[in-house]
file input.tsv (TSV, C-alpha atoms)
chain	number	residue	atom	x	y	z
V	200	MET	CA	-98.21	-63.62	-136.48
V	201	ALA	CA	-95.94	-60.72	-135.92
V	202	SER	CA	-92.82	-61.45	-133.93
V	203	SER	CA	-91.65	-59.14	-131.21
V	204	LYS	CA	-88.30	-58.77	-129.58
V	205	VAL	CA	-87.93	-57.73	-125.99
V	206	ASP	CA	-84.62	-56.60	-124.59
V	207	ILE	CA	-84.09	-56.89	-120.86
V	208	LYS	CA	-81.60	-54.55	-119.31
V	209	TRP	CA	-80.64	-55.71	-115.83
V	210	ASN	CA	-80.09	-53.11	-113.14
V	211	VAL	CA	-77.03	-54.74	-111.60
V	212	GLY	CA	-76.63	-51.97	-109.05
V	213	GLY	CA	-80.20	-52.61	-107.95
V	214	PHE	CA	-79.42	-56.26	-107.29
V	215	TYR	CA	-76.46	-55.19	-105.18
V	216	LYS	CA	-78.67	-52.89	-103.11
V	217	LEU	CA	-81.38	-55.55	-102.81
V	218	ARG	CA	-78.88	-57.99	-101.30
V	219	SER	CA	-78.21	-55.57	-98.45
V	220	GLU	CA	-81.82	-54.65	-97.75
V	221	PRO	CA	-82.76	-54.88	-94.06
V	222	GLY	CA	-85.24	-57.71	-94.72
V	223	VAL	CA	-82.62	-59.81	-96.49
V	224	ARG	CA	-80.04	-59.16	-93.79
V	225	LYS	CA	-82.50	-59.90	-91.02
V	226	ALA	CA	-83.50	-63.24	-92.56
V	227	LEU	CA	-79.90	-64.35	-93.02
V	228	GLU	CA	-78.79	-63.12	-89.60
V	229	SER	CA	-81.74	-64.81	-87.94
V	230	LEU	CA	-80.83	-68.13	-89.57
V	231	ALA	CA	-77.20	-67.83	-88.45
V	232	GLU	CA	-78.24	-66.89	-84.92
V	233	ASP	CA	-80.56	-69.91	-84.74
V	234	ILE	CA	-77.70	-72.19	-85.80
V	235	ALA	CA	-75.31	-70.64	-83.27
V	236	ALA	CA	-77.91	-70.87	-80.50
V	237	ASP	CA	-78.56	-74.55	-81.27
V	238	ALA	CA	-74.82	-75.27	-81.36
V	239	ASN	CA	-74.22	-73.48	-78.05
V	240	LYS	CA	-77.12	-75.33	-76.45
V	241	ALA	CA	-75.94	-78.72	-77.72
V	242	ALA	CA	-72.40	-78.03	-76.51
V	243	GLY	CA	-73.49	-76.62	-73.16
V	244	LEU	CA	-71.83	-73.29	-73.91
V	245	THR	CA	-73.10	-69.71	-73.81
V	246	ASP	CA	-70.99	-67.96	-76.43
V	247	GLY	CA	-68.67	-70.59	-77.84
V	248	PHE	CA	-70.31	-70.36	-81.26
V	249	LYS	CA	-70.68	-66.83	-82.62
V	250	THR	CA	-72.04	-65.21	-85.77
V	251	SER	CA	-70.87	-62.47	-88.08
V	252	SER	CA	-72.62	-60.71	-90.94
V	253	ARG	CA	-71.27	-58.74	-93.90
V	254	GLN	CA	-71.73	-58.13	-97.58
V	255	GLY	CA	-69.36	-59.88	-99.94
V	256	ALA	CA	-67.15	-58.10	-102.43
V	257	ARG	CA	-68.87	-56.30	-105.30
V	258	ARG	CA	-67.65	-58.47	-108.21
V	259	PRO	CA	-70.45	-57.56	-109.06
V	260	GLN	CA	-72.82	-59.65	-106.96
V	261	GLY	CA	-71.95	-58.61	-103.42
V	262	ARG	CA	-73.95	-61.41	-101.81
V	263	TRP	CA	-74.75	-60.89	-98.16
V	264	ARG	CA	-73.18	-63.58	-96.03
V	265	THR	CA	-73.51	-64.65	-92.46
V	266	THR	CA	-71.18	-67.08	-90.74
V	267	VAL	CA	-71.18	-69.17	-87.60
V	268	ILE	CA	-67.77	-69.88	-86.10
V	269	THR	CA	-66.20	-71.67	-83.20
V	270	ALA	CA	-65.06	-68.66	-81.16
V	271	THR	CA	-63.38	-70.40	-78.24
V	272	ALA	CA	-60.99	-73.30	-77.76
V	273	MET	CA	-63.74	-75.19	-75.95
V	274	ALA	CA	-66.14	-74.72	-78.87
V	275	MET	CA	-63.48	-75.93	-81.30
V	276	ARG	CA	-62.90	-78.99	-79.15
V	277	LYS	CA	-66.61	-79.75	-78.76
V	278	ASN	CA	-67.15	-79.32	-82.49
V	279	ALA	CA	-64.30	-81.68	-83.34
V	280	LYS	CA	-65.64	-84.30	-80.92
V	281	HIS	CA	-69.35	-84.03	-81.64
V	282	GLN	CA	-69.75	-82.36	-85.08
V	283	THR	CA	-71.86	-79.75	-83.33
V	284	LEU	CA	-72.01	-77.20	-86.15
V	285	LEU	CA	-72.94	-79.73	-88.81
V	286	LYS	CA	-75.83	-81.00	-86.71
V	287	ALA	CA	-77.02	-77.48	-85.97
V	288	LEU	CA	-76.69	-76.44	-89.62
V	289	TYR	CA	-78.78	-79.28	-91.01
V	290	GLY	CA	-81.23	-79.06	-88.14
V	291	ASN	CA	-82.03	-75.51	-89.29
V	292	GLY	CA	-81.99	-76.19	-93.01
I	196	MET	CA	-108.82	-91.26	-93.62
I	197	ALA	CA	-106.24	-93.93	-92.98
I	198	ASN	CA	-102.70	-92.86	-92.20
I	199	SER	CA	-100.74	-93.54	-95.41
I	200	TRP	CA	-97.26	-92.44	-94.40
I	201	PRO	CA	-95.01	-95.47	-93.95
I	202	LYS	CA	-92.40	-95.67	-91.24
I	203	PRO	CA	-89.13	-94.33	-92.69
I	204	LYS	CA	-86.22	-96.76	-92.73
I	205	PRO	CA	-83.18	-95.84	-90.64
I	206	GLY	CA	-80.50	-94.44	-92.91
I	207	VAL	CA	-77.35	-95.34	-90.97
I	208	PRO	CA	-77.63	-99.15	-91.41
I	209	VAL	CA	-78.25	-98.67	-95.14
I	210	ALA	CA	-75.22	-96.37	-95.42
I	211	ILE	CA	-73.09	-98.90	-93.52
I	212	ALA	CA	-74.20	-101.64	-95.95
I	213	ILE	CA	-73.25	-99.46	-98.93
I	214	LEU	CA	-69.79	-98.83	-97.49
I	215	GLU	CA	-69.20	-102.43	-96.40
I	216	ASP	CA	-69.53	-103.44	-100.04
I	217	VAL	CA	-66.44	-101.43	-100.98
I	218	PHE	CA	-64.55	-101.77	-97.68
I	219	PRO	CA	-64.75	-105.52	-96.96
I	220	ALA	CA	-61.62	-105.48	-94.78
I	221	ILE	CA	-62.34	-102.30	-92.83
I	222	ASN	CA	-64.55	-101.88	-89.78
I	223	VAL	CA	-67.59	-99.80	-90.79
I	224	SER	CA	-69.83	-99.05	-87.83
I	225	ASP	CA	-71.80	-96.41	-85.97
I	226	GLU	CA	-69.03	-96.19	-83.36
I	227	ALA	CA	-65.28	-96.41	-83.12
I	228	PRO	CA	-63.85	-99.92	-82.67
I	229	ASP	CA	-62.22	-100.69	-79.32
I	230	PRO	CA	-59.27	-101.01	-79.60
I	231	ARG	CA	-58.92	-98.64	-82.53
I	232	ALA	CA	-57.93	-100.33	-85.78
I	233	ALA	CA	-55.40	-98.79	-88.17
I	234	SER	CA	-58.30	-97.74	-90.38
I	235	TYR	CA	-62.00	-97.60	-89.66
I	236	ILE	CA	-65.15	-95.75	-90.66
I	237	ILE	CA	-67.81	-94.24	-88.42
I	238	VAL	CA	-71.26	-93.54	-89.87
I	239	SER	CA	-73.79	-91.28	-88.16
I	240	ALA	CA	-76.94	-89.35	-88.97
I	241	LEU	CA	-77.24	-85.60	-89.34
I	242	PRO	CA	-80.74	-84.07	-89.46
I	243	GLY	CA	-82.40	-85.33	-92.64
I	244	ALA	CA	-85.80	-84.93	-94.27
I	245	TYR	CA	-89.00	-86.89	-94.89
I	246	ASN	CA	-91.25	-84.94	-97.24
I	247	ASN	CA	-92.52	-87.66	-99.55
I	248	PRO	CA	-94.15	-90.96	-98.46
I	249	ALA	CA	-92.19	-92.81	-101.19
I	250	PHE	CA	-88.76	-92.09	-99.76
I	251	THR	CA	-86.89	-90.65	-96.83
I	252	GLU	CA	-83.78	-88.49	-97.12
I	253	PRO	CA	-81.35	-89.19	-94.30
I	254	ARG	CA	-78.32	-86.92	-94.17
I	255	ILE	CA	-75.36	-89.21	-93.53
I	256	LEU	CA	-71.98	-88.25	-92.06
I	257	VAL	CA	-69.10	-90.58	-92.92
I	258	GLU	CA	-65.86	-90.21	-90.93
I	259	CYS	CA	-62.90	-92.07	-92.41
I	260	TRP	CA	-60.07	-92.64	-89.96
I	261	ALA	CA	-56.59	-93.85	-90.88
I	262	SER	CA	-52.99	-93.64	-89.74
I	263	ASP	CA	-52.18	-90.98	-92.33
I	264	SER	CA	-54.18	-88.25	-94.01
I	265	SER	CA	-53.72	-89.47	-97.59
I	266	THR	CA	-55.17	-92.88	-96.74
I	267	ALA	CA	-58.06	-91.23	-94.91
I	268	GLU	CA	-58.82	-89.01	-97.89
I	269	ASP	CA	-58.61	-91.93	-100.31
I	270	MET	CA	-61.10	-93.83	-98.13
I	271	ALA	CA	-63.45	-90.83	-98.20
I	272	CYS	CA	-63.21	-90.62	-101.99
I	273	THR	CA	-63.99	-94.35	-102.28
I	274	GLY	CA	-66.96	-93.82	-99.97
I	275	ILE	CA	-68.28	-90.94	-102.07
I	276	GLN	CA	-68.02	-93.09	-105.19
I	277	ALA	CA	-69.89	-95.90	-103.42
I	278	PHE	CA	-72.68	-93.54	-102.38
I	279	LYS	CA	-73.03	-92.21	-105.93
I	280	ASN	CA	-72.99	-95.70	-107.45
I	281	ALA	CA	-75.59	-96.96	-104.95
I	282	THR	CA	-78.32	-95.30	-107.01
I	283	GLY	CA	-80.62	-97.91	-108.52
I	284	LYS	CA	-79.49	-100.68	-106.16
I	285	SER	CA	-80.95	-102.15	-102.98
I	286	PHE	CA	-79.20	-102.44	-99.62
I	287	LEU	CA	-80.79	-104.20	-96.63
I	288	GLY	CA	-83.96	-104.36	-98.71
I	289	SER	CA	-84.06	-100.60	-99.25
I	290	PHE	CA	-83.95	-99.25	-102.79
I	291	ILE	CA	-81.65	-96.23	-103.24
I	292	HIS	CA	-83.22	-93.59	-105.45
I	293	GLY	CA	-80.20	-91.32	-105.36
I	294	CYS	CA	-77.45	-89.56	-103.50
I	295	GLN	CA	-77.39	-85.77	-103.44
I	296	ASP	CA	-75.52	-82.77	-102.12
I	297	ILE	CA	-72.23	-84.44	-101.24
I	298	GLN	CA	-70.05	-82.15	-99.12
I	299	GLY	CA	-66.43	-83.17	-98.80
I	300	PRO	CA	-64.04	-84.84	-98.46
I	301	THR	CA	-62.78	-82.60	-95.68
I	302	ASP	CA	-59.81	-83.06	-93.35
I	303	TYR	CA	-61.06	-82.71	-89.80
I	304	ASN	CA	-58.73	-84.09	-87.17
I	305	ASP	CA	-59.67	-84.70	-83.56
I	306	PRO	CA	-57.32	-82.96	-81.10
I	307	ASP	CA	-57.71	-85.84	-78.65
I	308	ILE	CA	-56.74	-88.55	-81.13
I	309	GLN	CA	-53.13	-87.93	-82.11
I	310	ASP	CA	-52.34	-91.19	-83.88
I	311	ARG	CA	-55.16	-91.15	-86.42
I	312	ARG	CA	-56.24	-88.74	-89.14
I	313	ARG	CA	-59.86	-88.10	-90.04
I	314	CYS	CA	-61.27	-87.20	-93.44
I	315	GLN	CA	-65.04	-86.93	-93.69
I	316	PHE	CA	-67.90	-86.23	-96.05
I	317	HIS	CA	-71.65	-85.98	-95.73
I	318	ALA	CA	-74.41	-86.61	-98.22
I	319	THR	CA	-78.14	-87.06	-98.53
I	320	LEU	CA	-79.32	-90.52	-99.53
I	321	ARG	CA	-82.79	-90.94	-100.98
I	322	VAL	CA	-84.00	-94.25	-99.52
I	323	SER	CA	-87.23	-95.95	-100.54
I	324	THR	CA	-89.75	-96.45	-97.75
I	325	ASP	CA	-91.28	-99.63	-99.21

call {"tool": "encode", "arguments": {"input": "input.tsv", "output": "structure tokens"}}
result
Amino acid sequence: MASSKVDIKWNVGGFYKLRSEPGVRKALESLAEDIAADANKAAGLTDGFKTSSRQGARRPQGRWRTTVITATAMAMRKNAKHQTLLKALYGNG
Amino acid sequence: MANSWPKPKPGVPVAIAILEDVFPAINVSDEAPDPRAASYIIVSALPGAYNNPAFTEPRILVECWASDSSTAEDMACTGIQAFKNATGKSFLGSFIHGCQDIQGPTDYNDPDIQDRRRCQFHATLRVSTD
């Protein structure tokens, strides 16, 4: 049987662009917003937990990342007392 | 067809039993002792999973409290080791299939509790349902 050799040449720049496609961003941002909404609801706050969204450094991956943070002193306090973010994170896993 | 999914066993009591084995002199409970001891451990449940009738996967949060941060961190490290070594053993009649996705130890002090330091970790236990 004849052997064949296949070389795969990855389009690294294509991966970088794929990670910032609107569908990818929307999925990640939606997940972060769900976590923030659950955390705000559990803590009885309206905007104590907030999200941000950005692409990571191109080294070369540039993974898109979303974050949920405690944006106010009250949110920080509630989170320290009740582990609000952890519960919201695993509740949306 | 008969319902074949067994009732999952609560994860917190199993986790407490695992930790009590390695912390015989420290209060391990689902709430803080009153009055607060010099060192104590609080165990609680984060949202877990139940996708297989053979086992449930409770996500367990372990908060180690002590008078200083190095003691708290050492307690957390001992707790992580106990969780890992629980695999293949039974606690409260529940067989432990494994311990996965340990996050921590992490310093996380409470602004309202000035005289204690907290170091915590969380992990998923795989607990047999039979």

call {"tool": "residues_near_point", "arguments": {"input": "input.tsv", "point": "(-83.0, -100.3, -100.5)", "cutoff": "9 Å", "atoms": "all atoms listed in the file", "output": "number ranges by chain"}}
result
I: 209, 283-292, 322-325

call {"tool": "residues_around", "arguments": {"input": "input.tsv", "residues": "Leu284 (chain V)", "least_positions_apart": "6", "cutoff": "10 Å", "atoms": "all atoms listed in the file", "output": "list in words"}}
result
Ile234, Ala235, Asp237, Ala238, Asn239, Ala241, Ala242, Phe248, Val267, Ile268, Thr269, Ala274, Met275, Lys277, Asn278 and Gly290 of chain V

call {"tool": "interface_residues", "arguments": {"input": "input.tsv", "of": "chain V", "to": "chain I", "cutoff": "8 Å", "atoms": "all atoms listed in the file", "output": "ChimeraX atom specification"}}
result
/V:276,279-280,285-286,289-290

call {"tool": "residues_around", "arguments": {"input": "input.tsv", "residues": "Cys314 (chain I)", "least_positions_apart": "3", "cutoff": "8 Å", "atoms": "all atoms listed in the file", "output": "PyMOL selection string"}}
result
chain I and resi 258-260+264+267-268+271+300-304

call {"tool": "residues_around", "arguments": {"input": "input.tsv", "residues": "region 204-211 of chain V", "least_positions_apart": "2", "cutoff": "8 Å", "atoms": "only C-alpha atoms", "output": "JSON, numbers by chain"}}
result
{"V": [202, 213, 214, 215, 259, 260]}

call {"tool": "atom_distance", "arguments": {"input": "input.tsv", "atom1": "CA of Glu226 (chain I)", "atom2": "CA of Ala281 (chain I)"}}
result
22.6 Å

call {"tool": "atom_distance", "arguments": {"input": "input.tsv", "atom1": "CA of Arg262 (chain V)", "atom2": "CA of Ser219 (chain V)"}}
result
8.0 Å

call {"tool": "residues_around", "arguments": {"input": "input.tsv", "residues": "Ser234 (chain I)", "least_positions_apart": "2", "cutoff": "10 Å", "atoms": "all atoms listed in the file", "output": "VMD selection string"}}
result
chain I and resid 220 to 223 228 231 to 232 236 259 to 263 266 to 267 270 311 to 313

call {"tool": "atom_distance", "arguments": {"input": "input.tsv", "atom1": "CA of Arg218 (chain V)", "atom2": "CA of Ala256 (chain V)"}}
result
11.8 Å

call {"tool": "closest_residue", "arguments": {"input": "input.tsv", "among": "I:Ile213, I:Ile237, I:Ile275, I:Val207", "to": "Val257 (chain I)", "atoms": "only C-alpha atoms"}}
result
I:Ile237

call {"tool": "decode", "arguments": {"input": "input.tsv", "residues": "region 212-290 of chain V", "atoms": "C-alpha atoms", "output": "PDB file, in the first residue's frame"}}
result
ATOM      1  CA  GLY V 212      -4.112  34.774  11.316  1.00  0.00           C
ATOM      2  CA  GLY V 213      -7.412  33.089  10.480  1.00  0.00           C
ATOM      3  CA  PHE V 214      -7.676  31.693  13.997  1.00  0.00           C
ATOM      4  CA  TYR V 215      -7.085  35.184  15.368  1.00  0.00           C
ATOM      5  CA  LYS V 216      -9.894  36.579  13.221  1.00  0.00           C
ATOM      6  CA  LEU V 217     -12.194  33.679  14.108  1.00  0.00           C
ATOM      7  CA  ARG V 218     -11.795  34.453  17.819  1.00  0.00           C
ATOM      8  CA  SER V 219     -13.188  37.934  17.263  1.00  0.00           C
ATOM      9  CA  GLU V 220     -16.082  36.941  15.021  1.00  0.00           C
ATOM     10  CA  PRO V 221     -19.419  38.447  16.097  1.00  0.00           C
ATOM     11  CA  GLY V 222     -20.884  35.011  16.883  1.00  0.00           C
ATOM     12  CA  VAL V 223     -17.996  34.130  19.190  1.00  0.00           C
ATOM     13  CA  ARG V 224     -18.130  37.503  20.914  1.00  0.00           C
ATOM     14  CA  LYS V 225     -21.887  37.344  21.313  1.00  0.00           C
ATOM     15  CA  ALA V 226     -21.746  33.879  22.904  1.00  0.00           C
ATOM     16  CA  LEU V 227     -19.050  34.897  25.379  1.00  0.00           C
ATOM     17  CA  GLU V 228     -20.662  38.238  26.194  1.00  0.00           C
ATOM     18  CA  SER V 229     -24.033  36.586  26.696  1.00  0.00           C
ATOM     19  CA  LEU V 230     -22.516  34.125  29.180  1.00  0.00           C
ATOM     20  CA  ALA V 231     -20.820  36.933  31.125  1.00  0.00           C
ATOM     21  CA  GLU V 232     -24.008  39.002  31.155  1.00  0.00           C
ATOM     22  CA  ASP V 233     -25.991  36.027  32.489  1.00  0.00           C
ATOM     23  CA  ILE V 234     -23.473  35.579  35.301  1.00  0.00           C
ATOM     24  CA  ALA V 235     -23.533  39.293  36.160  1.00  0.00           C
ATOM     25  CA  ALA V 236     -27.339  39.356  36.088  1.00  0.00           C
ATOM     26  CA  ASP V 237     -27.550  36.339  38.403  1.00  0.00           C
ATOM     27  CA  ALA V 238     -24.989  37.879  40.766  1.00  0.00           C
ATOM     28  CA  ASN V 239     -26.819  41.220  40.848  1.00  0.00           C
ATOM     29  CA  LYS V 240     -30.124  39.469  41.484  1.00  0.00           C
ATOM     30  CA  ALA V 241     -28.692  37.320  44.281  1.00  0.00           C
ATOM     31  CA  ALA V 242     -27.088  40.360  45.910  1.00  0.00           C
ATOM     32  CA  GLY V 243     -30.139  42.576  45.482  1.00  0.00           C
ATOM     33  CA  LEU V 244     -28.169  45.053  43.376  1.00  0.00           C
ATOM     34  CA  THR V 245     -28.799  46.580  39.955  1.00  0.00           C
ATOM     35  CA  ASP V 246     -25.306  47.248  38.642  1.00  0.00           C
ATOM     36  CA  GLY V 247     -22.923  46.099  41.351  1.00  0.00           C
ATOM     37  CA  PHE V 248     -21.546  43.352  39.116  1.00  0.00           C
ATOM     38  CA  LYS V 249     -20.501  44.481  35.642  1.00  0.00           C
ATOM     39  CA  THR V 250     -19.008  42.884  32.547  1.00  0.00           C
ATOM     40  CA  SER V 251     -16.297  43.812  30.104  1.00  0.00           C
ATOM     41  CA  SER V 252     -15.266  42.259  26.811  1.00  0.00           C
ATOM     42  CA  ARG V 253     -12.023  42.445  24.829  1.00  0.00           C
ATOM     43  CA  GLN V 254      -9.618  40.415  22.774  1.00  0.00           C
ATOM     44  CA  GLY V 255      -6.442  39.262  24.459  1.00  0.00           C
ATOM     45  CA  ALA V 256      -2.967  40.082  23.221  1.00  0.00           C
ATOM     46  CA  ARG V 257      -1.905  38.560  19.910  1.00  0.00           C
ATOM     47  CA  ARG V 258       0.846  36.208  21.156  1.00  0.00           C
ATOM     48  CA  PRO V 259      -0.369  34.741  18.761  1.00  0.00           C
ATOM     49  CA  GLN V 260      -3.703  33.424  20.025  1.00  0.00           C
ATOM     50  CA  GLY V 261      -5.577  36.596  20.925  1.00  0.00           C
ATOM     51  CA  ARG V 262      -8.353  34.765  22.747  1.00  0.00           C
ATOM     52  CA  TRP V 263     -11.505  36.770  23.275  1.00  0.00           C
ATOM     53  CA  ARG V 264     -12.210  37.250  26.952  1.00  0.00           C
ATOM     54  CA  THR V 265     -15.116  38.509  28.941  1.00  0.00           C
ATOM     55  CA  THR V 266     -14.982  39.309  32.636  1.00  0.00           C
ATOM     56  CA  VAL V 267     -17.442  39.885  35.436  1.00  0.00           C
ATOM     57  CA  ILE V 268     -16.263  42.181  38.211  1.00  0.00           C
ATOM     58  CA  THR V 269     -17.452  43.650  41.459  1.00  0.00           C
ATOM     59  CA  ALA V 270     -17.877  47.276  40.375  1.00  0.00           C
ATOM     60  CA  THR V 271     -19.006  48.847  43.637  1.00  0.00           C
ATOM     61  CA  ALA V 272     -17.974  48.672  47.277  1.00  0.00           C
ATOM     62  CA  MET V 273     -21.328  47.100  48.096  1.00  0.00           C
ATOM     63  CA  ALA V 274     -20.816  44.376  45.484  1.00  0.00           C
ATOM     64  CA  MET V 275     -17.334  43.667  46.857  1.00  0.00           C
ATOM     65  CA  ARG V 276     -18.768  43.391  50.345  1.00  0.00           C
ATOM     66  CA  LYS V 277     -21.649  41.151  49.279  1.00  0.00           C
ATOM     67  CA  ASN V 278     -19.285  38.942  47.312  1.00  0.00           C
ATOM     68  CA  ALA V 279     -16.925  38.558  50.269  1.00  0.00           C
ATOM     69  CA  LYS V 280     -19.824  37.670  52.570  1.00  0.00           C
ATOM     70  CA  HIS V 281     -21.817  35.394  50.282  1.00  0.00           C
ATOM     71  CA  GLN V 282     -19.442  34.175  47.512  1.00  0.00           C
ATOM     72  CA  THR V 283     -21.930  35.629  45.042  1.00  0.00           C
ATOM     73  CA  LEU V 284     -19.762  35.441  41.925  1.00  0.00           C
ATOM     74  CA  LEU V 285     -18.693  31.849  42.503  1.00  0.00           C
ATOM     75  CA  LYS V 286     -22.304  30.748  42.870  1.00  0.00           C
ATOM     76  CA  ALA V 287     -23.346  32.658  39.760  1.00  0.00           C
ATOM     77  CA  LEU V 288     -20.381  31.330  37.766  1.00  0.00           C
ATOM     78  CA  TYR V 289     -21.050  27.666  38.491  1.00  0.00           C
ATOM     79  CA  GLY V 290     -24.789  28.157  38.167  1.00  0.00           C
TER      80      GLY V 290
END
